[in-house]
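> What follows is a structure written as structure tokens; I'll ask about it next.
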Amino acid sequence: MRWLLLGAYGPDAQFHMAAAWVTLAGFVVVDTTWLLLSRLSFASDNTDSIIHLALYTAIAFGFCGLVSQRLAKETDRVGSALRESVKRVELFAVATLVFALLATVVITYCCLGTAASLPLQDARLAQIDRWMGFNWVTFLEFANSSALASWLLVKAYQSTPYVLMGTIMWFCVSGQGGRLAEFLALLCLTSIGIALGMMILPAAGAYSYYHPPLASYGNFSVGAGMWHHDLLMALRTSPAPVIDFNVPNSNCLVTFPSGHTILAIIMTYALRGSRWTLIPGLVINATMLVSTIPEGGHHLFDLVVGAVIAACAISFVRLPQRVRRYRLATSAGAELASA
């Protein structure tokens, strides 16, 4: 329990990890209930993956526990160094467990939501974009007009999983358990917004709606913004769809709200501790944010709602800090009044 809540890193970390675990538990309940009532089934490989995850996590925690107990009374330099290394391994084991579980429950939920075959709302999203004065096709052609700019946008979009994993690894290697707990909480909490959003305004994406000619996006990836489309349609129309985590793009079924926008904001926020991490993170994530329209195939409103979800999650994880400031202000006010 100490490891799962990262109790060694203070009450804020415990609060953040509790939020993450509660969110995961909620997804498990919803997914299990919905799956029993649906026509979907799990691929056999999925069960094997979950068993392997549980086994490897148990081995990692067991190893860390044994080594920590053995080194508890060591005070020499080597013993201290090994003890610190074990702490990093513990962080990595917790991060891996939470992230893998989150991927499992969110992909399952997205498959279930997609298979519900709710009416697609791309026309409404396009209309909202026009209300905001945004012309999607014109922006796509403008972004495509520069080969260099298009290349940079594609690379920034493709960098997302590497920046995500790099952020988690940085917190583990540097021993920043508090920042890791906060980031894991943000990943979990924003997933709630994604889950709700995809059911409120299910969409296939801007490329599917506008069908632009190849000349309008020739400098972007082949099939830009449409990688998920075949799987999306298969889940919506198949009489007995299968949830298979190994199918390509099974994690890309949601276009509203924009998951890349959420990641861009919360990763930049998470890396705020040092200018050596903040500045590179800000540059990469800002470029990736722009790329979500021409390369990711999102409507502009997808990005707006993604940003709102990220802001709400950040506000929630900052709750312990606001409570402390309020208590300090109240205490100071009481002392002044008594004086």
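Quick note on naming: the chains in the structure tokens go A, B, ... in the order shown, residues restart at 1 in each chain, and ligands are numbered from 1 in order of appearance.
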Considering only C-alpha atoms, give me a table of residues in segment 131-238 of chain A that are at most 12 Å from segment 306-313 of chain A, with the closest atom pair and distance in Å for each, as a Markdown table.

| residue | atom | partner | partner_atom | distance |
| --- | --- | --- | --- | --- |
| A:Glu182 | CA | A:Ala313 | CA | 10.2 |
| A:Phe183 | CA | A:Ala313 | CA | 10.2 |
| A:Leu184 | CA | A:Ala313 | CA | 11.2 |
| A:Ala185 | CA | A:Ala313 | CA | 8.4 |
| A:Leu186 | CA | A:Ala313 | CA | 5.9 |
| A:Leu187 | CA | A:Ala313 | CA | 8.8 |
| A:Cys188 | CA | A:Ala313 | CA | 9.1 |
| A:Leu189 | CA | A:Ala313 | CA | 6.0 |
| A:Thr190 | CA | A:Ala313 | CA | 6.1 |
| A:Ser191 | CA | A:Ile309 | CA | 9.0 |
| A:Ile192 | CA | A:Ile309 | CA | 8.9 |
| A:Gly193 | CA | A:Ile309 | CA | 5.9 |
| A:Ile194 | CA | A:Gly306 | CA | 8.0 |
| A:Ala195 | CA | A:Ile309 | CA | 11.1 |
| A:Leu196 | CA | A:Ile309 | CA | 10.5 |
| A:Gly197 | CA | A:Gly306 | CA | 9.2 |
| A:Met198 | CA | A:Gly306 | CA | 11.3 |
> Find the spatial neighbours of segment 290-303 of chain A, counting only C-alpha atoms, within a cut-off of 8 Å - ignore same-chain residues fewer than 2 positions away - and output them as a PyMOL selection string.
chain A and resi 125-126+128-129+134+136+139-140+143+153-154+156-157+205-207+217+220-221+224-226+255-258+260-261+286-288+305-307
> Find the residue from A:Met199, A:Thr57, A:Leu24, A:Leu289 that sits nearest to Ile262 of chain A; use only C-alpha atoms when measuring.
A:Leu289
> Using only C-alpha atoms, which residues sit within 12 Å of Ser238 of chain A once same-chain residues fewer than 2 positions away are excluded, as a list in words?
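Once the nearby chain positions are removed, what remains is Arg39, Leu40, Ser41, Cys111, Thr114, Ala115, Ala116, Ser117, Asp230, Leu231, Leu232, Met233, Ala234, Leu235, Arg236, Ala240, Pro241, Val242 and Ile243 of chain A.
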